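K.L.:
Below is the structure I would like to discuss, written out as structure tokens.
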Amino acid sequence: QLRRRAQSHSLNCSVSQRSQASHGLRRAASQTLSLRNVRRRRDPRMRAFVAMAALAQTTGLRCVIVPGNGCTGRVADANWYGWAETALRGAGVFDEVVLPQTMPDPVAAKESVWVPYMRDELGADASTVVIGHSSGAVAAMRLAEETEVAALILVSACWTDLGDASERAAGYYARPWRWDAIRANAGAIVQFHSDDDPFIPVAESRHVAENLQTTYYELSGRSHFFSPPFPELVEACRAIAAARGAS
């Protein structure tokens, strides 16, 4: 089953994602040129206005997207990851959106490799919303047992190895889950699952939702969330940022 999941993750890359990312880069370049034009003006009031506008747009939050296992190439080309990176940057809800170019140990996705990488290399901390998909969601939960994060968004999460030897070897399921610690360390937890996920039964996600008391969305006909768009994810991020700003 791990091999099937890994193959599906690695094969589900789309030309449209690359096109959307290219459009996002062109738009960002245009915005940068516009800002440069503003900066050329010597009116100190205009410079002060630009500085105040930039400050007003900061949320104090950053975002890290952790993919499922099987991304042996560029992570942005798989599933909805590149689409989400572009959409979240465009939405302006985070000061920084981090999508790793590649993942270490991409197929086995061992806990001993992924969790330290998320913490030490991707910088997951108390100001970070961690978005994890499939194996990435499981890694995000183990991360939050020991590390404070601003929020978790779990997509296609499970809590057992599903009887699969390769999943068992990844290390996440070798000990009981510390549900209380995850709840205490995550400022908010949002969860998405599909009613027709071919890999992870709904009972798995519901168990996670019950024990973590997540804001749980069980969507219809979304399989293992292989393809963009994923507008519900962007709206969840908006809600988290808005709640953070109101607190």
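As shown in the structure tokens, the chain order sets the letters A, B, ...; within each chain, residues go from 1, and ligands are also counted from 1 in the order they appear.
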Please provide the set of residues having any atom within 6 Å of Pro106 in chain A, restricted to only C-alpha atoms, with same-chain residues fewer than 5 positions apart removed, written as a PDB file with C-alpha atoms, in the first residue's frame.
P.N.:
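Saved the output as around-v4.pdb:
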ATOM      1  CA  ASN A  69       5.570  10.285   0.738  1.00  0.00           C
ATOM      2  CA  GLY A  70       6.595   9.447  -2.808  1.00  0.00           C
ATOM      3  CA  CYS A  71       7.615  12.920  -4.019  1.00  0.00           C
ATOM      4  CA  THR A  72      10.875  11.809  -5.579  1.00  0.00           C
TER       5      THR A  72
END
K.L.:
Using DSSP secondary structure from the backbone, list all alpha helix (DSSP H) positions within range 20-232 of chain A, as a VMD selection string.
P.N.:
chain A and resid 20 to 40 44 to 56 81 to 91 111 to 116 135 to 146 165 to 169 179 to 185 202 to 212 231 to 232
K.L.:
Could you check which of A:Ala137, A:Ala184, A:Met118, A:Ile189 is closest to Pro67 in chain A, using only C-alpha atoms?
P.N.:
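Checking each of A:Ala137, A:Ala184, A:Met118, A:Ile189 against Pro67 in chain A, counting only C-alpha atoms, the winner is A:Ala137.
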K.L.:
Would you mind listing, for every residue of range 74-182 of chain A within 8 Å of range 203-221 of chain A, the two atoms forming the shortest contact and the distance between them in Å to one decimal, using only C-alpha atoms, sorted by chain and ascending residue number, as CSV?
P.N.:
residue,atom,partner,partner_atom,distance
A:Ser156,CA,A:Ser205,CA,7.0
A:Ala157,CA,A:Ser205,CA,5.8
A:Cys158,CA,A:Glu204,CA,5.1
A:Trp159,CA,A:Glu204,CA,6.3
A:Thr160,CA,A:Glu204,CA,7.6
A:Trp179,CA,A:Leu212,CA,6.0
A:Asp180,CA,A:Leu212,CA,7.6
A:Ile182,CA,A:Leu212,CA,7.4
K.L.:
Keeping only all heavy atoms, write the selected residues as a short mmCIF file (atom, residue, chain, number, x, y, z; two decimals), in the first residue's frame.
P.N.:
data_model
loop_
_atom_site.label_atom_id
_atom_site.label_comp_id
_atom_site.auth_asym_id
_atom_site.auth_seq_id
_atom_site.Cartn_x
_atom_site.Cartn_y
_atom_site.Cartn_z
N SER A 156 -5.92 14.00 4.99
CA SER A 156 -5.80 12.54 4.82
C SER A 156 -4.90 11.92 5.89
O SER A 156 -3.95 11.20 5.60
CB SER A 156 -5.26 12.19 3.42
OG SER A 156 -6.06 12.75 2.41
N ALA A 157 -5.21 12.21 7.13
CA ALA A 157 -4.40 11.71 8.25
C ALA A 157 -4.90 10.33 8.70
O ALA A 157 -6.08 9.99 8.56
CB ALA A 157 -4.47 12.69 9.42
N CYS A 158 -3.99 9.56 9.27
CA CYS A 158 -4.35 8.29 9.88
C CYS A 158 -3.59 8.16 11.20
O CYS A 158 -2.71 8.95 11.51
CB CYS A 158 -4.04 7.11 8.96
SG CYS A 158 -2.29 6.94 8.54
N TRP A 159 -3.93 7.12 11.96
CA TRP A 159 -3.25 6.96 13.25
C TRP A 159 -2.69 5.55 13.44
O TRP A 159 -1.97 5.30 14.41
CB TRP A 159 -4.19 7.29 14.40
CG TRP A 159 -5.30 6.29 14.62
CD1 TRP A 159 -6.41 6.12 13.86
CD2 TRP A 159 -5.37 5.33 15.66
NE1 TRP A 159 -7.20 5.11 14.35
CE2 TRP A 159 -6.59 4.61 15.48
CE3 TRP A 159 -4.56 5.00 16.75
CZ2 TRP A 159 -6.99 3.58 16.33
CZ3 TRP A 159 -4.97 3.97 17.60
CH2 TRP A 159 -6.17 3.28 17.39
N THR A 160 -2.96 4.63 12.50
CA THR A 160 -2.37 3.28 12.56
C THR A 160 -1.58 3.02 11.28
O THR A 160 -1.68 3.77 10.30
CB THR A 160 -3.46 2.19 12.69
OG1 THR A 160 -4.14 2.03 11.43
CG2 THR A 160 -4.47 2.55 13.76
N TRP A 179 -2.14 12.33 22.39
CA TRP A 179 -3.17 13.26 21.90
C TRP A 179 -3.20 14.55 22.72
O TRP A 179 -3.34 15.65 22.16
CB TRP A 179 -4.53 12.59 21.91
CG TRP A 179 -4.64 11.29 21.16
CD1 TRP A 179 -4.87 10.06 21.68
CD2 TRP A 179 -4.52 11.11 19.73
NE1 TRP A 179 -4.91 9.10 20.69
CE2 TRP A 179 -4.70 9.72 19.48
CE3 TRP A 179 -4.28 11.96 18.66
CZ2 TRP A 179 -4.65 9.19 18.20
CZ3 TRP A 179 -4.23 11.43 17.38
CH2 TRP A 179 -4.41 10.06 17.16
N ASP A 180 -3.08 14.42 24.03
CA ASP A 180 -3.13 15.61 24.90
C ASP A 180 -2.00 16.58 24.58
O ASP A 180 -2.20 17.80 24.56
CB ASP A 180 -3.07 15.21 26.37
CG ASP A 180 -4.32 14.51 26.84
OD1 ASP A 180 -5.33 14.55 26.11
OD2 ASP A 180 -4.29 13.90 27.93
N ILE A 182 -0.40 16.91 21.71
CA ILE A 182 -0.63 17.53 20.40
C ILE A 182 -1.63 18.67 20.54
O ILE A 182 -1.41 19.77 20.02
CB ILE A 182 -1.13 16.49 19.38
CG1 ILE A 182 -0.09 15.39 19.17
CG2 ILE A 182 -1.46 17.16 18.04
CD1 ILE A 182 -0.58 14.21 18.34
#
K.L.:
Quick one, how far is CA of Asn79 in chain A from CA of Pro229 in chain A?
P.N.:
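Computed distance, CA of Asn79 in chain A to CA of Pro229 in chain A, equals 9.5 Å.
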K.L.:
Between CA of Ala169 in chain A and CA of His133 in chain A, what is the distance in Å, rounded to a tenth?
P.N.:
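Value for the CA of Ala169 in chain A-CA of His133 in chain A distance: 18.7 Å.
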K.L.:
Quick one: distance from CA of Val130 in chain A to CA of Glu111 in chain A in Å, one decimal?
P.N.:
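Value for the CA of Val130 in chain A-CA of Glu111 in chain A distance: 15.7 Å.
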K.L.:
Find the residues near Pro198 in chain A: any atom within 8 Å, counting only C-alpha atoms, skip ones fewer than 3 places away on the same chain, and give them as a list of chain:residue names.
P.N.:
A:Pro201, A:Ser223, A:His224
K.L.:
Let me make sure I understand: among A:Ala76, A:Ile200, A:Ala91, A:Cys237, which one has the smallest atom-to-atom distance to Ile153 in chain A if we use only C-alpha atoms?
P.N.:
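Between A:Ala76, A:Ile200, A:Ala91, A:Cys237, the residue approaching Ile153 in chain A most closely is A:Cys237.
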K.L.:
Find the residues around Leu61 in chain A up to 6 Å (only C-alpha atoms counted), leave out those fewer than 5 positions away in its own chain, and share them as number ranges by chain.
P.N.:
A: 94-95, 127-128
K.L.:
Output C-alpha atoms of each residue in that selection to a file, as a PDB file, in the first residue's frame.
P.N.:
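File written: selection.pdb
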ATOM      1  CA  PHE A  94       1.100  34.381   5.769  1.00  0.00           C
ATOM      2  CA  ASP A  95       4.311  36.339   6.000  1.00  0.00           C
ATOM      3  CA  SER A 127       4.662  30.965  14.572  1.00  0.00           C
ATOM      4  CA  THR A 128       4.167  28.242  11.954  1.00  0.00           C
TER       5      THR A 128
END
K.L.:
Using only C-alpha atoms, which residue out of A:Thr102, A:Ser112, A:Thr147, A:Thr86 lies closest to Gly187 in chain A?
P.N.:
A:Thr147
K.L.:
Leaving out Val234 in chain A and any residue of its chain fewer than 6 positions from it, which residues lie within 10 Å of it when counting only C-alpha atoms, given as a ChimeraX atom specification?
P.N.:
/A:84-85,87-88,91,93,240
K.L.:
Only C-alpha atoms, please: the residues just picked out, written as a PDB file, in the first residue's frame.
P.N.:
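Saved to out_9.pdb:
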ATOM      1  CA  ALA A  84      -1.342  25.748  -2.639  1.00  0.00           C
ATOM      2  CA  GLU A  85       2.003  27.529  -2.442  1.00  0.00           C
ATOM      3  CA  ALA A  87      -2.598  30.410  -3.818  1.00  0.00           C
ATOM      4  CA  LEU A  88      -1.471  31.048  -0.254  1.00  0.00           C
ATOM      5  CA  ALA A  91      -3.923  35.351  -0.530  1.00  0.00           C
ATOM      6  CA  VAL A  93      -2.466  35.381   4.855  1.00  0.00           C
ATOM      7  CA  ILE A 240      -6.633  30.640  11.292  1.00  0.00           C
TER       8      ILE A 240
END
K.L.:
Name the residues of range 127-230 of chain A that fall into strand (DSSP E or B) according to DSSP on the backbone, using the chain letters and numbers of this document, as a ChimeraX atom specification.
P.N.:
/A:128-133,149,151-155,186,189-194,215-219
